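Q: Please find coords29.txt (compact mmCIF, C-alpha atoms and all ligand atoms) on the next line:
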# COMPACT_ATOMS: atom_id res chain seq x y z
CA SER X 1252 0.00 0.00 0.00
CA VAL X 1253 1.00 3.63 -0.50
CA PRO X 1254 2.51 5.38 2.53
CA LEU X 1255 0.25 8.09 3.87
CA SER X 1256 2.97 10.70 3.55
CA TYR X 1257 2.79 10.49 -0.24
CA PHE X 1258 -0.73 11.87 0.01
CA SER X 1259 0.48 14.75 2.16
CA GLY X 1260 3.13 15.29 -0.56
CA ILE X 1261 0.36 15.73 -3.13
CA GLY X 1262 -1.31 18.25 -0.84
CA ALA X 1263 1.92 20.18 -0.38
CA ALA X 1264 2.45 20.20 -4.16
CA SER X 1265 -1.03 21.61 -4.74
CA LYS X 1266 -0.21 24.45 -2.33
CA VAL X 1267 2.66 25.50 -4.62
CA GLY X 1268 0.39 25.29 -7.68
CA VAL X 1269 1.28 21.84 -8.99
CA LEU X 1270 -1.29 19.16 -9.71
CA VAL X 1271 0.24 15.71 -9.14
CA LYS X 1272 -1.91 13.00 -10.72
CA GLY X 1273 -0.81 10.16 -8.48
CA SER X 1274 1.46 9.59 -5.50
CA ASN X 1275 3.76 7.35 -7.59
CA TYR X 1276 4.78 10.40 -9.65
CA LEU X 1277 6.48 11.98 -6.63
CA ASP X 1278 8.58 8.83 -6.44
CA VAL X 1279 9.40 9.06 -10.16
CA LEU X 1280 10.37 12.73 -9.71
CA ASN X 1281 12.87 11.60 -7.05
CA GLN X 1282 14.46 9.27 -9.57
CA VAL X 1283 14.75 11.82 -12.40
CA GLN X 1284 18.35 12.24 -13.57
CA THR X 1285 17.71 13.97 -16.88
CA MET X 1286 15.26 16.84 -17.19
CA VAL X 1287 14.32 17.82 -20.74
CA PHE X 1288 12.67 21.17 -21.44
CA ASP X 1289 10.85 22.48 -24.48
CA LYS X 1290 11.98 26.05 -25.19
CA THR X 1291 9.04 28.14 -26.35
CA GLY X 1292 6.42 28.72 -23.67
CA THR X 1293 8.30 26.54 -21.17
CA LEU X 1294 11.69 28.21 -20.54
CA THR X 1295 10.68 31.32 -22.48
CA LYS X 1296 7.46 33.29 -22.04
CA GLY X 1297 6.14 32.30 -25.47
CA ARG X 1298 5.09 35.90 -26.01
CA PHE X 1299 6.81 37.20 -29.10
CA THR X 1300 7.22 40.75 -30.37
CA VAL X 1301 8.22 41.78 -33.89
CA SER X 1302 11.79 43.11 -33.82
CA GLN X 1303 12.77 43.36 -37.52
CA LEU X 1304 10.97 43.51 -40.87
CA LEU X 1305 13.15 42.60 -43.87
CA PRO X 1306 11.13 42.80 -47.12
CA VAL X 1307 12.96 41.91 -50.37
CA HIS X 1308 10.52 43.93 -52.46
CA GLY X 1309 7.43 45.86 -51.43
CA SER X 1310 6.96 47.58 -48.09
CA SER X 1311 7.45 46.36 -44.54
CA ALA X 1312 3.73 46.86 -43.95
CA ASP X 1313 2.83 44.62 -46.92
CA LEU X 1314 5.18 41.90 -45.68
CA LEU X 1315 3.68 41.98 -42.18
CA LYS X 1316 0.14 41.99 -43.62
CA LEU X 1317 0.80 38.85 -45.70
CA ALA X 1318 2.18 37.05 -42.67
CA ALA X 1319 -0.77 38.06 -40.48
CA LEU X 1320 -3.34 36.98 -43.09
CA ALA X 1321 -1.93 33.45 -43.03
CA GLU X 1322 -1.61 33.34 -39.24
CA GLN X 1323 -5.14 34.47 -38.27
CA ALA X 1324 -6.34 31.00 -37.32
CA SER X 1325 -3.11 29.64 -35.79
CA PRO X 1326 -2.81 29.12 -32.02
CA HIS X 1327 1.02 29.35 -32.22
CA PRO X 1328 2.54 32.15 -30.08
CA ILE X 1329 4.44 33.45 -33.14
CA ALA X 1330 1.13 33.72 -35.01
CA LYS X 1331 -0.45 35.71 -32.20
CA ALA X 1332 2.43 38.23 -32.28
CA LEU X 1333 2.21 38.72 -36.05
CA VAL X 1334 -1.59 39.12 -36.03
CA GLN X 1335 -1.40 41.62 -33.20
CA ALA X 1336 1.38 43.66 -34.84
CA ALA X 1337 -0.35 43.84 -38.22
CA ASN X 1338 -3.87 44.54 -36.99
CA VAL X 1339 -5.40 43.41 -40.32
CA LYS X 1340 -8.97 42.35 -40.92
CA GLY X 1341 -9.76 39.27 -42.97
CA THR X 1342 -7.87 36.08 -43.48
CA ALA X 1343 -6.23 34.00 -46.18
CA GLU X 1344 -8.23 30.96 -47.31
CA ALA X 1345 -7.75 27.35 -46.23
CA PRO X 1346 -4.88 27.94 -43.77
CA GLU X 1347 -3.11 24.69 -43.00
CA GLU X 1348 -0.75 24.30 -40.02
CA LEU X 1349 2.38 22.40 -41.03
CA VAL X 1350 3.70 21.17 -37.69
CA GLY X 1351 7.17 22.52 -36.78
CA ARG X 1352 7.27 24.57 -39.99
CA GLY X 1353 4.51 27.17 -40.23
CA ILE X 1354 1.42 27.90 -42.32
CA LYS X 1355 0.38 27.20 -45.91
CA ALA X 1356 -2.70 29.11 -47.11
CA THR X 1357 -4.27 30.59 -50.25
CA TYR X 1358 -4.39 34.34 -50.83
CA GLN X 1359 -5.98 35.85 -53.94
CA GLY X 1360 -5.72 32.46 -55.61
CA GLN X 1361 -2.02 32.03 -54.86
CA VAL X 1362 -0.13 29.89 -52.36
CA LEU X 1363 0.96 31.89 -49.30
CA LEU X 1364 3.67 30.38 -47.08
CA VAL X 1365 4.68 31.72 -43.65
CA GLY X 1366 7.18 29.80 -41.57
CA ASN X 1367 10.77 28.72 -41.06
CA ALA X 1368 13.67 27.92 -43.41
CA LYS X 1369 12.64 24.25 -43.49
CA LEU X 1370 9.27 25.29 -44.95
CA MET X 1371 10.84 27.54 -47.61
CA ALA X 1372 13.28 24.78 -48.66
CA GLU X 1373 10.63 22.05 -48.78
CA GLN X 1374 8.25 24.18 -50.85
CA ALA X 1375 11.03 25.16 -53.29
CA VAL X 1376 10.55 28.91 -52.83
CA GLN X 1377 12.42 30.94 -55.46
CA GLY X 1378 14.82 33.66 -54.35
CA PHE X 1379 14.87 32.37 -50.77
CA ALA X 1380 17.98 33.28 -48.77
CA PRO X 1381 18.07 32.48 -45.04
CA VAL X 1382 18.81 35.34 -42.64
CA GLN X 1383 22.16 34.50 -41.00
CA ALA X 1384 23.07 34.45 -37.31
CA THR X 1385 20.27 36.62 -36.02
CA VAL X 1386 19.25 36.00 -32.44
CA GLY X 1387 15.51 35.76 -32.62
CA THR X 1388 13.15 33.47 -34.46
CA VAL X 1389 13.02 34.21 -38.18
CA VAL X 1390 9.68 33.90 -39.98
CA TYR X 1391 9.92 33.78 -43.78
CA VAL X 1392 7.13 34.75 -46.20
CA ALA X 1393 6.56 33.54 -49.77
CA LEU X 1394 3.71 34.21 -52.21
CA ALA X 1395 3.20 32.22 -55.43
CA SER X 1396 6.57 30.48 -54.88
CA GLN X 1397 8.35 33.85 -54.76
CA TYR X 1398 10.27 34.87 -51.65
CA GLN X 1399 8.87 38.07 -50.07
CA GLY X 1400 11.14 38.60 -47.07
CA ALA X 1401 11.71 37.81 -43.41
CA ILE X 1402 10.29 38.93 -40.07
CA VAL X 1403 12.36 38.52 -36.92
CA VAL X 1404 10.37 37.92 -33.76
CA ALA X 1405 11.82 37.85 -30.26
CA ASP X 1406 10.77 36.05 -27.11
CA THR X 1407 12.18 36.49 -23.60
CA VAL X 1408 13.20 33.92 -21.00
CA LYS X 1409 10.95 33.44 -17.97
CA PRO X 1410 12.31 35.32 -14.94
CA ASP X 1411 12.63 32.18 -12.80
CA ALA X 1412 14.07 29.85 -15.48
CA LYS X 1413 17.79 30.31 -14.81
CA ALA X 1414 17.59 29.92 -11.03
CA THR X 1415 15.32 26.90 -11.44
CA LEU X 1416 17.80 25.10 -13.70
CA ALA X 1417 20.62 25.78 -11.23
CA GLY X 1418 18.44 24.62 -8.32
CA LEU X 1419 17.49 21.40 -10.11
CA LYS X 1420 21.17 20.59 -10.67
CA ALA X 1421 21.86 21.29 -6.98
CA SER X 1422 18.99 18.92 -6.08
CA GLY X 1423 20.77 16.08 -7.86
CA ILE X 1424 19.49 16.26 -11.46
CA GLY X 1425 22.49 15.18 -13.54
CA GLN X 1426 21.67 16.69 -16.91
CA THR X 1427 19.41 19.48 -18.18
CA VAL X 1428 18.46 19.42 -21.87
CA MET X 1429 16.59 21.92 -24.06
CA LEU X 1430 14.75 20.83 -27.22
CA THR X 1431 13.35 23.23 -29.80
CA GLY X 1432 12.00 23.53 -33.31
CA ASP X 1433 13.64 26.94 -33.45
CA ASN X 1434 16.95 27.68 -35.22
CA GLN X 1435 20.41 26.81 -33.84
CA ALA X 1436 21.63 30.39 -33.20
CA THR X 1437 18.61 31.34 -31.09
CA ALA X 1438 18.56 27.98 -29.29
CA GLN X 1439 22.23 28.30 -28.35
CA ALA X 1440 21.81 31.88 -27.13
CA VAL X 1441 18.90 30.89 -24.87
CA ALA X 1442 20.74 27.78 -23.60
CA ALA X 1443 23.84 29.85 -22.77
CA GLU X 1444 21.77 32.53 -21.01
CA LEU X 1445 20.03 29.92 -18.86
CA GLY X 1446 22.89 27.48 -18.28
CA VAL X 1447 21.31 24.43 -19.95
CA ASP X 1448 23.77 21.51 -20.30
CA GLU X 1449 22.68 20.22 -23.68
CA VAL X 1450 20.67 21.74 -26.55
CA HIS X 1451 19.09 20.35 -29.73
CA ALA X 1452 17.56 22.73 -32.34
CA ASN X 1453 15.61 22.46 -35.63
CA LEU X 1454 13.53 19.58 -34.26
CA LEU X 1455 10.13 18.40 -35.37
CA PRO X 1456 7.80 17.07 -32.63
CA ALA X 1457 8.62 13.47 -33.70
CA ASP X 1458 12.36 14.21 -33.34
CA LYS X 1459 11.74 15.36 -29.74
CA LEU X 1460 10.24 11.97 -28.89
CA THR X 1461 13.18 10.17 -30.55
CA LEU X 1462 15.60 12.24 -28.49
CA VAL X 1463 13.77 11.50 -25.23
CA HIS X 1464 13.92 7.78 -26.06
CA ARG X 1465 17.65 8.08 -26.75
CA LEU X 1466 18.18 9.85 -23.39
CA GLN X 1467 16.22 7.06 -21.66
CA GLN X 1468 18.65 4.53 -23.16
CA ARG X 1469 21.55 6.24 -21.40
CA ARG X 1470 20.11 4.49 -18.33
CA ARG X 1471 21.02 7.18 -15.87
CA GLY X 1472 17.80 7.33 -13.89
CA LYS X 1473 14.48 8.58 -15.22
CA VAL X 1474 13.89 11.18 -17.93
CA ALA X 1475 11.32 13.94 -17.38
CA PHE X 1476 9.96 16.14 -20.17
CA VAL X 1477 8.59 19.61 -19.45
CA GLY X 1478 6.52 21.28 -22.19
CA ASP X 1479 3.62 23.55 -23.05
CA GLY X 1480 2.15 20.72 -25.07
CA LEU X 1481 1.70 22.66 -28.30
CA ASN X 1482 2.38 19.66 -30.59
CA ASP X 1483 4.37 18.03 -27.79
CA THR X 1484 1.70 15.74 -26.34
CA PRO X 1485 3.40 12.50 -27.54
CA VAL X 1486 6.63 13.52 -25.77
CA LEU X 1487 4.76 14.29 -22.54
CA ALA X 1488 3.21 10.82 -22.72
CA GLY X 1489 6.41 9.06 -23.85
CA SER X 1490 8.80 10.32 -21.16
CA ASP X 1491 9.06 8.73 -17.70
CA LEU X 1492 7.50 11.86 -16.19
CA GLY X 1493 5.50 14.37 -18.26
CA ILE X 1494 5.23 17.88 -16.83
CA ALA X 1495 2.85 20.32 -18.58
CA MET X 1496 2.22 24.03 -18.40
CA GLY X 1497 -1.39 24.31 -17.19
CA GLY X 1498 -1.98 27.89 -18.31
CA LEU X 1499 -0.54 27.96 -21.83
CA GLY X 1500 -0.90 24.23 -22.36
CA SER X 1501 -3.59 22.56 -24.43
CA ASP X 1502 -6.23 20.28 -22.89
CA ALA X 1503 -4.52 17.32 -24.56
CA ALA X 1504 -1.22 18.24 -22.89
CA ILE X 1505 -2.82 18.54 -19.46
CA GLU X 1506 -4.45 15.14 -20.05
CA ALA X 1507 -1.16 13.49 -21.14
CA ALA X 1508 0.96 14.94 -18.32
CA ASP X 1509 1.67 13.43 -14.89
CA LEU X 1510 2.34 16.82 -13.25
CA VAL X 1511 0.63 20.08 -14.25
CA LEU X 1512 2.04 23.51 -13.36
CA MET X 1513 -0.98 25.71 -12.76
CA HIS X 1514 0.92 29.00 -13.16
CA ASP X 1515 3.42 27.97 -15.89
CA ASN X 1516 6.38 28.93 -13.67
CA PRO X 1517 9.33 26.48 -13.88
CA SER X 1518 10.29 27.24 -10.24
CA ALA X 1519 7.27 25.18 -9.13
CA ILE X 1520 9.08 22.07 -10.47
CA LEU X 1521 11.96 22.73 -8.09
CA GLN X 1522 9.55 23.23 -5.19
CA VAL X 1523 7.87 19.90 -5.92
CA ARG X 1524 11.23 18.15 -6.32
CA HIS X 1525 12.08 19.33 -2.78
CA ILE X 1526 8.66 18.18 -1.52
CA ALA X 1527 9.17 14.78 -3.21
CA GLN X 1528 12.61 14.39 -1.60
CA LYS X 1529 11.19 15.16 1.85
CA THR X 1530 8.20 12.87 1.28
CA ARG X 1531 10.50 9.97 0.49
CA ARG X 1532 12.55 10.53 3.62
CA ILE X 1533 9.39 10.45 5.77
CA ALA X 1534 8.03 7.36 3.98
CA GLN X 1535 11.20 5.30 4.47
P1 LIG X 1601 9.28 24.98 -30.11
O1 LIG X 1601 10.00 23.69 -30.28
O2 LIG X 1601 10.23 26.10 -29.82
O3 LIG X 1601 8.13 24.90 -29.14
P2 LIG X 1601 7.48 24.65 -32.41
O4 LIG X 1601 7.67 23.18 -32.56
O5 LIG X 1601 6.15 25.14 -31.97
O6 LIG X 1601 8.65 25.35 -31.55
O7 LIG X 1601 7.81 25.32 -33.83
C1 LIG X 1601 9.07 25.13 -34.40
C2 LIG X 1601 9.37 26.22 -35.38
O8 LIG X 1601 8.44 26.12 -36.48
C3 LIG X 1601 9.22 27.62 -34.85
O9 LIG X 1601 10.39 28.08 -34.22
C4 LIG X 1601 8.92 28.40 -36.11
O10 LIG X 1601 10.12 28.66 -36.80
C5 LIG X 1601 8.09 27.41 -36.95
N1 LIG X 1601 6.64 27.59 -36.78
C6 LIG X 1601 5.77 26.72 -36.24
N2 LIG X 1601 4.50 27.18 -36.28
C7 LIG X 1601 4.59 28.42 -36.86
C8 LIG X 1601 3.63 29.42 -37.20
N3 LIG X 1601 2.32 29.29 -36.97
N4 LIG X 1601 4.10 30.54 -37.82
C9 LIG X 1601 5.41 30.69 -38.09
N5 LIG X 1601 6.35 29.80 -37.79
C10 LIG X 1601 5.96 28.67 -37.19
MG MG X 1602 6.40 24.17 -28.29
Would you give me this structure, written as structure tokens?
A:
Amino acid sequence: SVPLSYFSGIGAASKVGVLVKGSNYLDVLNQVQTMVFDKTGTLTKGRFTVSQLLPVHGSSADLLKLAALAEQASPHPIAKALVQAANVKGTAEAPEELVGRGIKATYQGQVLLVGNAKLMAEQAVQGFAPVQATVGTVVYVALASQYQGAIVVADTVKPDAKATLAGLKASGIGQTVMLTGDNQATAQAVAAELGVDEVHANLLPADKLTLVHRLQQRRRGKVAFVGDGLNDTPVLAGSDLGIAMGGLGSDAAIEAADLVLMHDNPSAILQVRHIAQKTRRIAQ
């Protein structure tokens, strides 16, 4: 039977804003050696602002308008920033979300593409030239297979992220890892700012699951995955311990996770790790 103190551990976790779905998960949290974090919305706020408009022909306003038309229906935090900055009415037709890439839609009878370099390359956009070594996420725009320009959007790290990562290491977590679909330059800048041990960029959601499986094969304790769940639900379910953002996260993510952070603040993970460590000592 389950020691009573595990139940008091769940109660203590709820007081710091973390929903623990079963007492066994506190035990798993004790055994975590590798903690894997999604970047956007997990270690960063996931609230982007437009920082640069780089049209190749036409005006900056036209470039931003095209991007916003395609992004109207997207729940992605980048989409929300573009729509807000452009303040356009109307939408492109038949917008399709291409996971880990961006949006494909139809505008005035022509194909409109808004997304990352992977999207531009796959759709054979003419005149496309990637923006080099810019810190910030670069969103590219193409209309009728012709490259229109780039928009740089910037996100900021959560105020408690750096201290949380340091605290987790001090609590005995051996390795912190950040996974992202974003570009290498931005990923490395964020990882360096926060002190993450290991970083993998340009990933599709399926690649994130493959990486978690590879980390599990290192056989150094359990592997936890922390994410906002936007396209990351399989990773939350496939890790030894899935931890979801309850505010930003989707219903599917909250469902798939073992721990849910009600206020999306990474520091709550550290608080629960300390609670779990104390709970174990009392139970033994
Ligand atoms: P992360 O791994 O940082 O959570 P995602 O998997 O959500 O990122 O997306 C990976 C990348 O795909 C983004 O950094 C962005 O370049 C591109 N992308 C995804 N969705 C969109 C969108 N709606 N608009 C523009 N770009 C997008
Ligand atoms: Mg994400």
Q: Give me, as an NGL selection string, all polymer residues having an atom no more than 6 Å from region 1396-1402 of chain X, counting all atoms listed in the file and skipping those fewer than 6 positions away in the same chain.
A: :X and (1303-1307 or 1376-1379 or 1389-1390)
Q: Would you pick out the contacts of Leu1419 (chain X) at 9 Å or less, using only C-alpha atoms, so that residues sharing its chain but fewer than 5 positions from it are not included, and give the list as a PDB file with C-alpha atoms, in the frame of the given file?
A:
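Writing the result to result.pdb gives the following:
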ATOM      1  CA  MET X1286      15.260  16.840 -17.190  1.00  0.00           C
ATOM      2  CA  ALA X1414      17.590  29.920 -11.030  1.00  0.00           C
ATOM      3  CA  ILE X1424      19.490  16.260 -11.460  1.00  0.00           C
ATOM      4  CA  GLY X1425      22.490  15.180 -13.540  1.00  0.00           C
ATOM      5  CA  THR X1427      19.410  19.480 -18.180  1.00  0.00           C
ATOM      6  CA  ILE X1520       9.080  22.070 -10.470  1.00  0.00           C
ATOM      7  CA  LEU X1521      11.960  22.730  -8.090  1.00  0.00           C
ATOM      8  CA  ARG X1524      11.230  18.150  -6.320  1.00  0.00           C
TER       9      ARG X1524
END
Q: Let me have all residues with an atom within 10 Å of ligand MG 1602 (chain X), counting all atoms listed in the file, laid out as an mmCIF file with C-alpha atoms, keeping the file's coordinate frame.
A:
data_model
loop_
_atom_site.group_PDB
_atom_site.id
_atom_site.type_symbol
_atom_site.label_atom_id
_atom_site.label_comp_id
_atom_site.auth_asym_id
_atom_site.auth_seq_id
_atom_site.Cartn_x
_atom_site.Cartn_y
_atom_site.Cartn_z
ATOM 1 C CA PHE X 1288 12.670 21.170 -21.440
ATOM 2 C CA ASP X 1289 10.850 22.480 -24.480
ATOM 3 C CA LYS X 1290 11.980 26.050 -25.190
ATOM 4 C CA THR X 1291 9.040 28.140 -26.350
ATOM 5 C CA GLY X 1292 6.420 28.720 -23.670
ATOM 6 C CA THR X 1293 8.300 26.540 -21.170
ATOM 7 C CA GLY X 1297 6.140 32.300 -25.470
ATOM 8 C CA HIS X 1327 1.020 29.350 -32.220
ATOM 9 C CA PRO X 1328 2.540 32.150 -30.080
ATOM 10 C CA GLY X 1351 7.170 22.520 -36.780
ATOM 11 C CA LEU X 1430 14.750 20.830 -27.220
ATOM 12 C CA THR X 1431 13.350 23.230 -29.800
ATOM 13 C CA GLY X 1432 12.000 23.530 -33.310
ATOM 14 C CA ASP X 1433 13.640 26.940 -33.450
ATOM 15 C CA LEU X 1455 10.130 18.400 -35.370
ATOM 16 C CA PRO X 1456 7.800 17.070 -32.630
ATOM 17 C CA GLY X 1478 6.520 21.280 -22.190
ATOM 18 C CA ASP X 1479 3.620 23.550 -23.050
ATOM 19 C CA GLY X 1480 2.150 20.720 -25.070
ATOM 20 C CA LEU X 1481 1.700 22.660 -28.300
ATOM 21 C CA ASN X 1482 2.380 19.660 -30.590
ATOM 22 C CA ASP X 1483 4.370 18.030 -27.790
ATOM 23 C CA THR X 1484 1.700 15.740 -26.340
ATOM 24 C CA GLY X 1500 -0.900 24.230 -22.360
#
Q: List the neighbours of Lys1369 (chain X) out to 9 Å using all atoms listed in the file; skip same-chain residues closer than 3 positions along the sequence, and give me the result as a PyMOL selection string.
A: chain X and resi 1351-1352+1366+1372-1374+1453
Q: Select, counting all atoms listed in the file, all protein, DNA and RNA residues no farther than 7 Å from (7.7, 30.7, -47.0) in file coordinates, and express the selection as an MDAnalysis selection string.
A: chainID X and resid 1364:1367 1370:1371 1376 1391:1393 1398
Q: Just give me the gap between CA of Ser1256 (chain X) and CA of Ile1526 (chain X) in Å, one decimal is fine.
A: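 Computing the Euclidean distance for CA of Ser1256 (chain X) and CA of Ile1526 (chain X) yields 10.7 Å.
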Q: In Å, with one decimal, what is the gap from CA of Val1477 (chain X) to CA of Glu1506 (chain X)?
A: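 CA of Val1477 (chain X) sits 13.8 Å away from CA of Glu1506 (chain X).
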Q: Select all residues near (21.0, 17.4, -19.4) (cut-off 10 Å, inclusive, file coordinates), counting all atoms listed in the file, and output them as JSON, numbers by chain.
A: {"X": [1284, 1285, 1286, 1287, 1288, 1420, 1424, 1425, 1426, 1427, 1428, 1429, 1447, 1448, 1449, 1450, 1466, 1474]}
Q: Distance CA of Ala1356 (chain X)-CA of Leu1317 (chain X), one decimal place?
A: 10.4 Å
Q: Measuring between only C-alpha atoms and all ligand atoms, which one of X:Asp1502, X:Asp1406, X:Asp1278, X:Asp1491 shows the shortest distance to ligand LIG 1601 (chain X)?
A: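 Selected residue with least distance to ligand LIG 1601 (chain X): X:Asp1406.
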Q: Ranking X:Gly1353, X:Ala1321, X:Ser1259, X:Val1403 by minimum distance to ligand LIG 1601 (chain X) and counting all atoms listed in the file, which one comes first?
A: X:Gly1353
Q: May I ask which of the residues X:Ala1395, X:Leu1315, X:Val1267, X:Leu1454 is the closest one to ligand LIG 1601 (chain X), counting only C-alpha atoms and all ligand atoms?
A: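 Nearest to ligand LIG 1601 (chain X): X:Leu1454.
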Q: Could you check which of X:Gln1361, X:Thr1461, X:Gln1323, X:Gln1383 is closest to Thr1342 (chain X), using all atoms listed in the file?
A: X:Gln1323
Q: Considering all atoms listed in the file, return as a list in words whatever protein or nucleic-acid residues lie within 8 Å of Tyr1358 (chain X), sequence-local ones (same chain, fewer than 4 positions apart) excluded.
A: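 Using all atoms listed in the file, the neighbours found are Ala1343, Glu1344, Val1362 and Leu1363 of chain X.
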Q: With only C-alpha atoms and all ligand atoms as the basis for distance, which of X:Leu1280, X:Leu1492, X:Ala1319, X:Ala1345 is at the shortest distance from ligand LIG 1601 (chain X)?
A: X:Ala1319
Q: List the spatial neighbours of Val1511 (chain X) as a list in words - criterion: any atom at most 7 Å away, all atoms listed in the file, same-chain residues fewer than 5 positions off excluded.
A: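 Listing them by chain and then by number gives Val1269, Leu1270, Val1271, Ile1494, Ala1495, Met1496, Gly1497 and Ile1505 of chain X.
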